[in-house]
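As provided, target-v5.txt (compact mmCIF, C-alpha atoms and all ligand atoms) reads as follows.
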```txt
# COMPACT_ATOMS: atom_id res chain seq x y z
CA MET Q 159 6.64 4.16 29.78
CA THR Q 160 5.54 3.31 26.26
CA ALA Q 161 3.18 5.70 24.49
CA PRO Q 162 -0.46 4.57 24.32
CA LEU Q 163 -1.31 2.84 21.06
CA GLU Q 164 -3.49 4.58 18.48
CA ALA Q 165 -6.83 2.80 17.96
CA ASP Q 166 -5.61 1.43 14.63
CA GLU Q 167 -2.40 0.10 16.19
CA ALA Q 168 -4.21 -1.62 19.03
CA GLU Q 169 -6.31 -3.68 16.65
CA PRO Q 170 -4.53 -6.56 14.93
CA LEU Q 171 -4.00 -6.59 11.18
CA LEU Q 172 -4.08 -10.35 10.92
CA ARG Q 173 -5.65 -13.13 12.97
CA VAL Q 174 -5.03 -16.80 12.37
CA HIS Q 175 -7.41 -19.00 14.29
CA ASP Q 176 -6.89 -22.71 14.99
CA LEU Q 177 -5.46 -23.42 11.56
CA SER Q 178 -4.65 -26.99 10.53
CA HIS Q 179 -3.53 -28.44 7.24
CA ARG Q 180 -2.95 -31.93 5.99
CA PHE Q 181 -1.79 -32.39 2.41
CA PRO Q 182 -4.06 -34.76 0.47
CA SER Q 183 -1.13 -37.08 -0.27
CA ALA Q 184 -0.04 -37.25 3.40
CA ALA Q 185 -0.80 -40.11 5.78
CA GLU Q 186 -3.94 -39.60 7.86
CA GLU Q 187 -2.07 -38.77 11.05
CA HIS Q 188 0.45 -36.46 9.34
CA TRP Q 189 -0.57 -32.84 9.81
CA ALA Q 190 1.76 -30.25 8.27
CA VAL Q 191 0.16 -27.62 10.56
CA ARG Q 192 -1.95 -28.40 13.60
CA GLY Q 193 -4.07 -25.92 15.55
CA ALA Q 194 -1.96 -22.82 14.86
CA SER Q 195 -3.26 -19.48 16.13
CA LEU Q 196 -1.52 -16.12 15.98
CA VAL Q 197 -2.13 -12.39 15.73
CA LEU Q 198 -0.06 -9.74 14.04
CA HIS Q 199 -0.36 -6.03 14.86
CA PRO Q 200 0.40 -3.05 12.62
CA GLY Q 201 4.14 -2.40 12.53
CA GLU Q 202 4.96 -5.72 14.14
CA VAL Q 203 7.43 -8.30 12.84
CA VAL Q 204 6.86 -11.90 13.88
CA ALA Q 205 9.29 -14.70 13.08
CA ILE Q 206 8.21 -18.31 12.64
CA VAL Q 207 11.15 -20.58 13.47
CA GLY Q 208 11.62 -24.33 13.65
CA GLU Q 209 13.54 -27.11 12.00
CA SER Q 210 12.99 -28.29 8.44
CA GLY Q 211 9.58 -29.90 7.97
CA SER Q 212 8.03 -28.29 11.06
CA GLY Q 213 5.29 -26.62 8.99
CA LYS Q 214 6.57 -23.03 8.75
CA SER Q 215 6.13 -22.61 4.99
CA THR Q 216 2.77 -24.39 4.98
CA LEU Q 217 1.49 -21.98 7.64
CA LEU Q 218 2.83 -18.98 5.70
CA ASN Q 219 1.26 -20.20 2.47
CA CYS Q 220 -2.07 -20.69 4.23
CA VAL Q 221 -1.86 -17.11 5.53
CA ALA Q 222 -1.06 -15.89 2.01
CA GLY Q 223 -4.12 -17.65 0.63
CA ARG Q 224 -1.98 -19.91 -1.53
CA ILE Q 225 -2.98 -23.08 0.28
CA ALA Q 226 -6.56 -23.59 1.48
CA PRO Q 227 -6.20 -24.99 5.01
CA SER Q 228 -8.02 -28.16 6.00
CA ALA Q 229 -9.47 -26.28 8.98
CA GLY Q 230 -9.29 -22.90 10.71
CA GLN Q 231 -9.42 -19.30 9.59
CA VAL Q 232 -7.18 -16.50 8.38
CA GLN Q 233 -8.71 -13.06 8.94
CA TYR Q 234 -7.20 -9.87 7.60
CA ARG Q 235 -8.19 -6.27 8.35
CA ARG Q 236 -8.21 -4.37 5.07
CA ALA Q 237 -7.02 -0.77 4.70
CA ASP Q 238 -10.69 0.33 4.70
CA GLY Q 239 -11.07 -1.31 8.15
CA ARG Q 240 -13.17 -4.24 6.94
CA TRP Q 241 -12.22 -7.68 8.29
CA VAL Q 242 -12.18 -10.36 5.60
CA ASP Q 243 -11.86 -14.12 5.82
CA VAL Q 244 -8.98 -14.68 3.39
CA HIS Q 245 -10.12 -18.13 2.32
CA ALA Q 246 -13.74 -17.12 1.83
CA LEU Q 247 -12.78 -14.27 -0.54
CA PRO Q 248 -13.43 -14.70 -4.26
CA GLU Q 249 -10.16 -15.54 -6.04
CA ARG Q 250 -10.20 -12.18 -7.86
CA GLU Q 251 -10.33 -10.23 -4.60
CA ARG Q 252 -7.60 -12.34 -3.02
CA ARG Q 253 -5.37 -11.77 -6.04
CA GLU Q 254 -6.04 -8.04 -5.84
CA LEU Q 255 -5.04 -8.04 -2.15
CA SER Q 256 -1.80 -9.84 -2.90
CA ARG Q 257 -0.95 -7.25 -5.56
CA THR Q 258 -1.78 -4.23 -3.42
CA GLU Q 259 -1.94 -4.58 0.36
CA TRP Q 260 0.33 -7.63 0.62
CA GLY Q 261 3.79 -8.58 -0.49
CA PHE Q 262 5.42 -12.00 -0.59
CA VAL Q 263 9.20 -12.35 -0.62
CA GLU Q 264 10.20 -15.81 -1.84
CA GLN Q 265 13.34 -17.59 -0.72
CA HIS Q 266 14.40 -18.02 -4.34
CA ALA Q 267 14.20 -14.57 -5.90
CA ALA Q 268 13.71 -16.10 -9.35
CA GLU Q 269 10.30 -17.33 -8.17
CA GLY Q 270 9.25 -13.86 -7.08
CA LEU Q 271 10.63 -11.99 -10.11
CA ARG Q 272 9.90 -12.11 -13.81
CA MET Q 273 13.27 -13.14 -15.12
CA ASN Q 274 12.61 -12.30 -18.76
CA VAL Q 275 11.81 -8.62 -18.25
CA SER Q 276 14.09 -5.81 -17.06
CA ALA Q 277 14.75 -4.88 -13.44
CA GLY Q 278 12.76 -1.66 -13.94
CA ALA Q 279 9.80 -3.52 -15.42
CA ASN Q 280 9.84 -5.89 -12.44
CA VAL Q 281 9.35 -2.94 -10.11
CA GLY Q 282 7.00 -0.96 -12.38
CA GLU Q 283 4.71 -3.89 -13.08
CA ARG Q 284 3.05 -3.88 -9.68
CA LEU Q 285 2.34 -0.16 -10.03
CA MET Q 286 0.81 -0.79 -13.45
CA ALA Q 287 -1.48 -3.34 -11.83
CA LEU Q 288 -2.72 -0.43 -9.70
CA GLY Q 289 -3.51 1.60 -12.79
CA ARG Q 290 -0.34 3.70 -13.10
CA ARG Q 291 0.40 4.06 -16.81
CA HIS Q 292 2.78 7.00 -17.31
CA TYR Q 293 6.01 5.45 -18.63
CA GLY Q 294 8.31 8.24 -17.40
CA GLU Q 295 6.84 8.13 -13.91
CA LEU Q 296 7.00 4.34 -13.72
CA ARG Q 297 10.62 4.40 -14.76
CA ALA Q 298 11.50 7.16 -12.29
CA THR Q 299 9.78 5.28 -9.44
CA ALA Q 300 11.58 2.07 -10.41
CA CYS Q 301 14.95 3.89 -10.31
CA GLU Q 302 14.08 5.47 -6.98
CA TRP Q 303 13.23 2.07 -5.51
CA MET Q 304 16.38 0.53 -6.92
CA GLU Q 305 18.30 3.19 -5.03
CA ARG Q 306 16.34 2.55 -1.86
CA VAL Q 307 17.36 -1.12 -1.94
CA GLU Q 308 20.93 -0.11 -2.79
CA LEU Q 309 20.92 -1.27 -6.41
CA ASP Q 310 22.52 0.89 -9.06
CA PRO Q 311 19.65 2.63 -10.92
CA MET Q 312 21.87 2.70 -14.01
CA ARG Q 313 20.99 -1.00 -14.25
CA VAL Q 314 17.27 -0.35 -14.59
CA ASP Q 315 17.22 -1.89 -18.09
CA ASP Q 316 19.27 -4.95 -17.16
CA SER Q 317 17.70 -8.36 -16.85
CA PRO Q 318 17.62 -9.79 -13.31
CA ARG Q 319 19.47 -12.75 -14.84
CA ALA Q 320 22.54 -10.50 -14.88
CA PHE Q 321 22.19 -9.86 -11.11
CA SER Q 322 23.83 -11.80 -8.28
CA GLY Q 323 21.66 -13.71 -5.76
CA GLY Q 324 21.82 -10.85 -3.25
CA MET Q 325 20.97 -8.26 -5.91
CA ARG Q 326 18.01 -10.31 -7.12
CA GLN Q 327 16.72 -10.50 -3.58
CA ARG Q 328 16.99 -6.70 -3.26
CA LEU Q 329 15.09 -6.33 -6.51
CA GLN Q 330 12.41 -8.71 -5.29
CA ILE Q 331 12.07 -6.59 -2.15
CA ALA Q 332 11.74 -3.40 -4.24
CA ARG Q 333 9.10 -5.09 -6.42
CA ASN Q 334 7.13 -6.01 -3.31
CA LEU Q 335 7.44 -2.73 -1.45
CA VAL Q 336 6.84 -0.29 -4.29
CA THR Q 337 3.06 -0.53 -3.79
CA ARG Q 338 3.47 0.19 -0.06
CA PRO Q 339 1.88 -3.04 1.17
CA ARG Q 340 0.62 -3.23 4.75
CA LEU Q 341 1.58 -6.86 5.24
CA VAL Q 342 4.70 -8.60 3.96
CA LEU Q 343 5.20 -12.35 4.15
CA MET Q 344 8.77 -13.58 3.79
CA ASP Q 345 9.89 -17.18 3.37
CA GLU Q 346 13.56 -17.57 4.33
CA PRO Q 347 14.47 -14.24 2.68
CA THR Q 348 18.23 -14.55 3.24
CA THR Q 349 18.80 -18.31 3.11
CA GLY Q 350 21.29 -19.53 0.54
CA LEU Q 351 23.19 -16.23 0.28
CA ASP Q 352 26.78 -15.64 1.40
CA VAL Q 353 27.04 -14.69 5.05
CA SER Q 354 28.21 -11.11 4.34
CA VAL Q 355 25.45 -10.65 1.74
CA GLN Q 356 22.93 -12.00 4.24
CA ALA Q 357 24.02 -9.54 6.90
CA LYS Q 358 23.66 -6.53 4.60
CA LEU Q 359 20.30 -7.73 3.32
CA LEU Q 360 19.00 -8.23 6.85
CA ASP Q 361 20.05 -4.69 7.74
CA LEU Q 362 18.20 -3.39 4.70
CA ILE Q 363 15.04 -5.37 5.51
CA ARG Q 364 15.14 -4.16 9.09
CA LEU Q 365 15.51 -0.55 7.97
CA LEU Q 366 12.71 -0.71 5.39
CA VAL Q 367 10.30 -2.55 7.66
CA ALA Q 368 10.77 0.09 10.37
CA ARG Q 369 10.71 3.06 8.01
CA LEU Q 370 7.59 1.92 6.17
CA HIS Q 371 5.93 0.70 9.38
CA LEU Q 372 5.26 -2.68 7.80
CA SER Q 373 3.80 -5.71 9.46
CA ALA Q 374 5.71 -8.84 8.55
CA LEU Q 375 5.65 -12.57 9.10
CA VAL Q 376 9.11 -14.00 8.48
CA VAL Q 377 9.72 -17.72 8.17
CA THR Q 378 13.29 -18.69 9.02
CA HIS Q 379 15.23 -21.63 10.35
CA ASP Q 380 17.92 -19.16 11.45
CA LEU Q 381 17.47 -17.86 15.00
CA GLY Q 382 19.89 -15.02 14.17
CA VAL Q 383 17.40 -13.72 11.60
CA ALA Q 384 14.61 -13.83 14.19
CA ARG Q 385 16.81 -12.03 16.70
CA LEU Q 386 17.66 -9.26 14.28
CA LEU Q 387 14.26 -8.70 12.67
CA ALA Q 388 11.43 -9.89 14.86
CA HIS Q 389 9.64 -8.33 17.82
CA ARG Q 390 8.00 -11.68 18.57
CA THR Q 391 8.93 -15.23 17.69
CA LEU Q 392 6.81 -18.36 17.29
CA VAL Q 393 8.47 -21.76 17.51
CA MET Q 394 7.01 -24.61 15.47
CA ARG Q 395 7.58 -28.29 15.94
CA GLN Q 396 5.84 -31.05 14.01
CA GLY Q 397 3.14 -28.66 12.82
CA ARG Q 398 2.36 -27.15 16.21
CA ILE Q 399 3.32 -23.78 17.69
CA VAL Q 400 5.02 -24.95 20.87
CA GLU Q 401 6.14 -21.56 22.17
CA GLN Q 402 5.66 -17.89 21.38
CA GLY Q 403 6.68 -14.64 22.97
CA LEU Q 404 8.93 -11.61 22.67
CA THR Q 405 11.97 -12.65 20.66
CA ASP Q 406 14.46 -11.75 23.40
CA ARG Q 407 12.51 -13.74 25.95
CA VAL Q 408 12.12 -16.78 23.69
CA LEU Q 409 15.81 -16.83 22.83
CA GLU Q 410 17.22 -15.87 26.23
CA ASP Q 411 14.83 -17.81 28.42
CA PRO Q 412 13.18 -20.55 26.34
CA GLN Q 413 10.44 -22.41 28.21
CA HIS Q 414 9.68 -25.35 25.95
CA PRO Q 415 12.27 -28.18 25.85
CA TYR Q 416 12.29 -28.06 22.04
CA THR Q 417 13.09 -24.31 22.03
CA GLN Q 418 15.80 -24.96 24.63
CA LEU Q 419 17.28 -27.55 22.28
CA LEU Q 420 17.09 -25.21 19.27
CA VAL Q 421 18.74 -22.36 21.18
CA SER Q 422 21.43 -24.56 22.71
CA SER Q 423 22.29 -26.15 19.37
CA VAL Q 424 23.01 -22.66 18.02
CA VAL Q 425 25.08 -21.46 20.95
CA ALA Q 426 26.89 -24.77 21.59
CA PRO Q 427 30.61 -24.62 20.68
N1 LIG C 501 3.18 -30.14 -1.34
C1 LIG C 501 3.28 -31.00 -0.33
N2 LIG C 501 2.71 -32.22 -0.39
C2 LIG C 501 2.79 -33.10 0.64
N3 LIG C 501 3.43 -32.84 1.81
C3 LIG C 501 4.02 -31.63 1.92
C4 LIG C 501 3.98 -30.65 0.87
N4 LIG C 501 4.66 -29.56 1.28
C5 LIG C 501 5.11 -29.83 2.53
N5 LIG C 501 4.72 -31.06 2.91
C6 LIG C 501 5.00 -31.70 4.21
O1 LIG C 501 4.43 -30.89 5.22
C7 LIG C 501 5.31 -30.82 6.35
C8 LIG C 501 5.65 -29.37 6.64
O2 LIG C 501 6.44 -28.88 5.55
P1 LIG C 501 6.86 -27.34 5.41
O3 LIG C 501 7.51 -27.17 4.08
O4 LIG C 501 5.71 -26.49 5.75
O5 LIG C 501 7.94 -27.23 6.59
P2 LIG C 501 9.04 -26.11 6.81
O6 LIG C 501 9.16 -25.97 8.29
O7 LIG C 501 8.73 -24.90 6.04
O8 LIG C 501 10.34 -26.84 6.25
P3 LIG C 501 11.54 -26.24 5.36
O9 LIG C 501 12.27 -25.28 6.26
O10 LIG C 501 12.34 -27.45 5.01
O11 LIG C 501 10.89 -25.58 4.17
C9 LIG C 501 6.51 -31.69 6.03
O12 LIG C 501 6.30 -32.97 6.57
C10 LIG C 501 6.49 -31.75 4.51
O13 LIG C 501 7.04 -32.97 4.06
```
Transcribe the structure of this file into structure tokens.
Ligand SMILES: Nc1ncnc2c1ncn2[C@@H]1O[C@H](COP(=O)(O)OP(=O)(O)OP(=O)(O)O)[C@@H](O)[C@H]1O
Amino acid sequence: MTAPLEADEAEPLLRVHDLSHRFPSAAEEHWAVRGASLVLHPGEVVAIVGESGSGKSTLLNCVAGRIAPSAGQVQYRRADGRWVDVHALPERERRELSRTEWGFVEQHAAEGLRMNVSAGANVGERLMALGRRHYGELRATACEWMERVELDPMRVDDSPRAFSGGMRQRLQIARNLVTRPRLVLMDEPTTGLDVSVQAKLLDLIRLLVARLHLSALVVTHDLGVARLLAHRTLVMRQGRIVEQGLTDRVLEDPQHPYTQLLVSSVVAP
């Protein structure tokens, strides 16, 4: 029997309600996201899967407050327990949330890092935004986080330009997690890396997410990533969520014909 949930665990951290988005340049009938609803609980990892163009990144960017949806709501429960409507927040407050309680891991690490400052400064910067000023402490924390993501802390003064793709992604993860966010949004965090680098990075993400009890939404076109990281999986097709459930159930016993096709195209010889 599973232990009863604490009150805080039972209440979701994030609620997306009937969200739709059509880009202004798109044809009238072309919705990037249509009627998407989801909830995310504390400590839960949810994958959003689907083929290219199915609306995964648009949905994630709407959740992150980066794209104002054409319709629908994104509600987030702040650390102080207050529910906020992400798109009704003043820009300043939304930016503060994304620097403190949220993290966003970009597919291309160069977009999530500052490439012209050192690795250590990339990690320390988010702490400075929270008011930490002591240089020695910032540097020590940056080194500690580099170690946690299995980067050599001796390279704290190196530019991320001197890092490989996998190392940059680890640094981006350290930069995001150093402020102990409650919610982490990831857009294809391992895509484009060598298979062996991907596998190690996925292990690291899985370990950190569990250890820090993070809630995460992970966009991926790779069902293997969903299988490894996510408790639940949502399947998107042409902007709509066509199926959602526990990851094992969705992948082992897909109900929607599109999910069946996705799963069979992965397992087919
Ligand atoms: N900035 C934009 N302007 C106009 N249309 C866009 C824009 N960004 C995405 N779209 C369109 O919205 C739809 C959903 O795209 P989105 O990038 O969300 O899909 P995705 O599932 O994340 O795909 P991929 O895995 O290729 O990134 C697609 O038809 C895409 O062409």
*What does the distance from CA of Leu409 in chain Q to atom O6 of ligand LIG 501 (chain C) come to in Å, to one decimal?*
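These atoms are spaced 18.4 Å apart.
Across the model, the gap from CA of Gln330 in chain Q to CA of Gly270 in chain Q is 6.3 Å.
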How close does each residue of range 339-379 of chain Q get to range 319-326 of chain Q, giving the shortest atom pair and distance in Å to one decimal for every residue with an atom at most 12 Å away, counting only C-alpha atoms, sorted by chain and residue number, as a tab-separated table?
```
residue	atom	partner	partner_atom	distance
Q:Pro347	CA	Q:Gly324	CA	10.0
Q:Thr348	CA	Q:Gly324	CA	8.3
Q:Thr349	CA	Q:Gly324	CA	10.3
Q:Gly350	CA	Q:Gly323	CA	8.6
Q:Leu351	CA	Q:Gly324	CA	6.6
Q:Asp352	CA	Q:Gly324	CA	8.3
Q:Val353	CA	Q:Gly324	CA	10.5
Q:Ser354	CA	Q:Gly324	CA	9.9
Q:Val355	CA	Q:Gly324	CA	6.2
Q:Gln356	CA	Q:Gly324	CA	7.7
Q:Ala357	CA	Q:Gly324	CA	10.5
Q:Lys358	CA	Q:Gly324	CA	9.1
Q:Leu359	CA	Q:Gly324	CA	7.4
Q:Leu360	CA	Q:Gly324	CA	10.8
Q:Leu362	CA	Q:Gly324	CA	11.5
```
Contacts with ligand LIG 501 (chain C) at most 10 Å, all atoms listed in the file counted, listed as a compact mmCIF listing (two decimals) with C-alpha atoms, in the coordinates of the input:
```txt
# COMPACT_ATOMS: atom_id res chain seq x y z
CA HIS Q 179 -3.53 -28.44 7.24
CA ARG Q 180 -2.95 -31.93 5.99
CA PHE Q 181 -1.79 -32.39 2.41
CA PRO Q 182 -4.06 -34.76 0.47
CA SER Q 183 -1.13 -37.08 -0.27
CA ALA Q 184 -0.04 -37.25 3.40
CA ALA Q 185 -0.80 -40.11 5.78
CA HIS Q 188 0.45 -36.46 9.34
CA TRP Q 189 -0.57 -32.84 9.81
CA ALA Q 190 1.76 -30.25 8.27
CA VAL Q 191 0.16 -27.62 10.56
CA ILE Q 206 8.21 -18.31 12.64
CA VAL Q 207 11.15 -20.58 13.47
CA GLY Q 208 11.62 -24.33 13.65
CA GLU Q 209 13.54 -27.11 12.00
CA SER Q 210 12.99 -28.29 8.44
CA GLY Q 211 9.58 -29.90 7.97
CA SER Q 212 8.03 -28.29 11.06
CA GLY Q 213 5.29 -26.62 8.99
CA LYS Q 214 6.57 -23.03 8.75
CA SER Q 215 6.13 -22.61 4.99
CA THR Q 216 2.77 -24.39 4.98
CA LEU Q 217 1.49 -21.98 7.64
CA LEU Q 218 2.83 -18.98 5.70
CA ASN Q 219 1.26 -20.20 2.47
CA CYS Q 220 -2.07 -20.69 4.23
CA ILE Q 225 -2.98 -23.08 0.28
CA GLN Q 265 13.34 -17.59 -0.72
CA ASP Q 345 9.89 -17.18 3.37
CA GLU Q 346 13.56 -17.57 4.33
CA VAL Q 377 9.72 -17.72 8.17
CA THR Q 378 13.29 -18.69 9.02
CA HIS Q 379 15.23 -21.63 10.35
CA ASP Q 380 17.92 -19.16 11.45
CA MET Q 394 7.01 -24.61 15.47
CA ARG Q 395 7.58 -28.29 15.94
CA GLN Q 396 5.84 -31.05 14.01
CA GLY Q 397 3.14 -28.66 12.82
```
*Do you know which residues are at most 9 Å from Phe262 in chain Q counting all atoms listed in the file, after dropping those on the same chain fewer than 3 positions away, and could you put them as a list of chain:residue names?*
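Listing them by chain and then by number gives Q:Ala222, Q:Ser256, Q:Gly270, Q:Ile331, Q:Asn334, Q:Leu341, Q:Val342, Q:Leu343, Q:Met344, Q:Asp345.
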Go ahead and write the residues just picked, C-alpha atoms, as a PDB file, in the coordinates of the input.
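Produced file again-v2.pdb, reproduced below:
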```
ATOM      1  CA  ALA Q 222      -1.060 -15.890   2.010  1.00  0.00           C
ATOM      2  CA  SER Q 256      -1.800  -9.840  -2.900  1.00  0.00           C
ATOM      3  CA  GLY Q 270       9.250 -13.860  -7.080  1.00  0.00           C
ATOM      4  CA  ILE Q 331      12.070  -6.590  -2.150  1.00  0.00           C
ATOM      5  CA  ASN Q 334       7.130  -6.010  -3.310  1.00  0.00           C
ATOM      6  CA  LEU Q 341       1.580  -6.860   5.240  1.00  0.00           C
ATOM      7  CA  VAL Q 342       4.700  -8.600   3.960  1.00  0.00           C
ATOM      8  CA  LEU Q 343       5.200 -12.350   4.150  1.00  0.00           C
ATOM      9  CA  MET Q 344       8.770 -13.580   3.790  1.00  0.00           C
ATOM     10  CA  ASP Q 345       9.890 -17.180   3.370  1.00  0.00           C
TER      11      ASP Q 345
END
```
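Residue nearest Ala226 in chain Q within the list Q:Arg390, Q:Arg306, Q:His292, Q:His245: Q:His245 [criterion: smallest interatomic distance, only C-alpha atoms].
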*Extract, using only C-alpha atoms, all DNA, RNA and protein residues at most 9 Å from Ala279 in chain Q, discarding same-chain residues fewer than 6 positions from it, and format them as JSON, numbers by chain.*
{"Q": [272, 296, 297, 300, 314, 315]}
Using the file's own x, y and z axes, what box holds all listed atoms of range 247-255 of chain Q with 8 Å on each side, keeping edges along x, y and z, and what are its centre and edge lengths in Å to one decimal, as lines of an AutoDock Vina configuration file?
```
center_x = -9.2
center_y = -11.8
center_z = -4.2
size_x = 24.4
size_y = 23.5
size_z = 23.3
```
*Do a neighbour search on Leu171 in chain Q at 8 Å with all atoms listed in the file, toss out local chain neighbours closer than 4 positions, and write the hits as a ChimeraX atom specification.*
/Q:197-200,234-236
Just to be explicit: take each residue in the selection above, keep C-alpha atoms, and write the result as a short mmCIF file (atom, residue, chain, number, x, y, z; two decimals), in the coordinates of the input.
```cif
data_model
loop_
_atom_site.label_atom_id
_atom_site.label_comp_id
_atom_site.auth_asym_id
_atom_site.auth_seq_id
_atom_site.Cartn_x
_atom_site.Cartn_y
_atom_site.Cartn_z
CA VAL Q 197 -2.13 -12.39 15.73
CA LEU Q 198 -0.06 -9.74 14.04
CA HIS Q 199 -0.36 -6.03 14.86
CA PRO Q 200 0.40 -3.05 12.62
CA TYR Q 234 -7.20 -9.87 7.60
CA ARG Q 235 -8.19 -6.27 8.35
CA ARG Q 236 -8.21 -4.37 5.07
#
```
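The coordinates place CA of Arg338 in chain Q at 8.6 Å from CA of Leu372 in chain Q.
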_Among listed residues Q:Arg328, Q:Arg192, Q:Arg333, Q:Arg385, nearest Trp260 in chain Q (using all atoms listed in the file)_ = Q:Arg333
*With only C-alpha atoms as the atoms that count, which of Q:Leu247, Q:Ala374, Q:Met304, Q:Ala277 lies nearest to Glu202 in chain Q?*
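Between Q:Leu247, Q:Ala374, Q:Met304, Q:Ala277, the residue approaching Glu202 in chain Q most closely is Q:Ala374.
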*asked:* Ranking Q:Ala388, Q:Val400, Q:Ala368, Q:Val242 by minimum distance to Ala205 in chain Q and counting all atoms listed in the file, which one comes first?
replied: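 Between Q:Ala388, Q:Val400, Q:Ala368, Q:Val242, the residue approaching Ala205 in chain Q most closely is Q:Ala388.
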*Do a neighbour search on Glu295 in chain Q at 12 Å with all atoms listed in the file, toss out local chain neighbours closer than 3 positions, and write the hits as a PyMOL selection string.*
chain Q and resi 278+281-282+285-286+290-292+298-302
_Pick from Q:Leu271, Q:Val203, Q:Ala194, Q:Val232, whichever lies nearest to Gln327 in chain Q using all atoms listed in the file_ = Q:Leu271
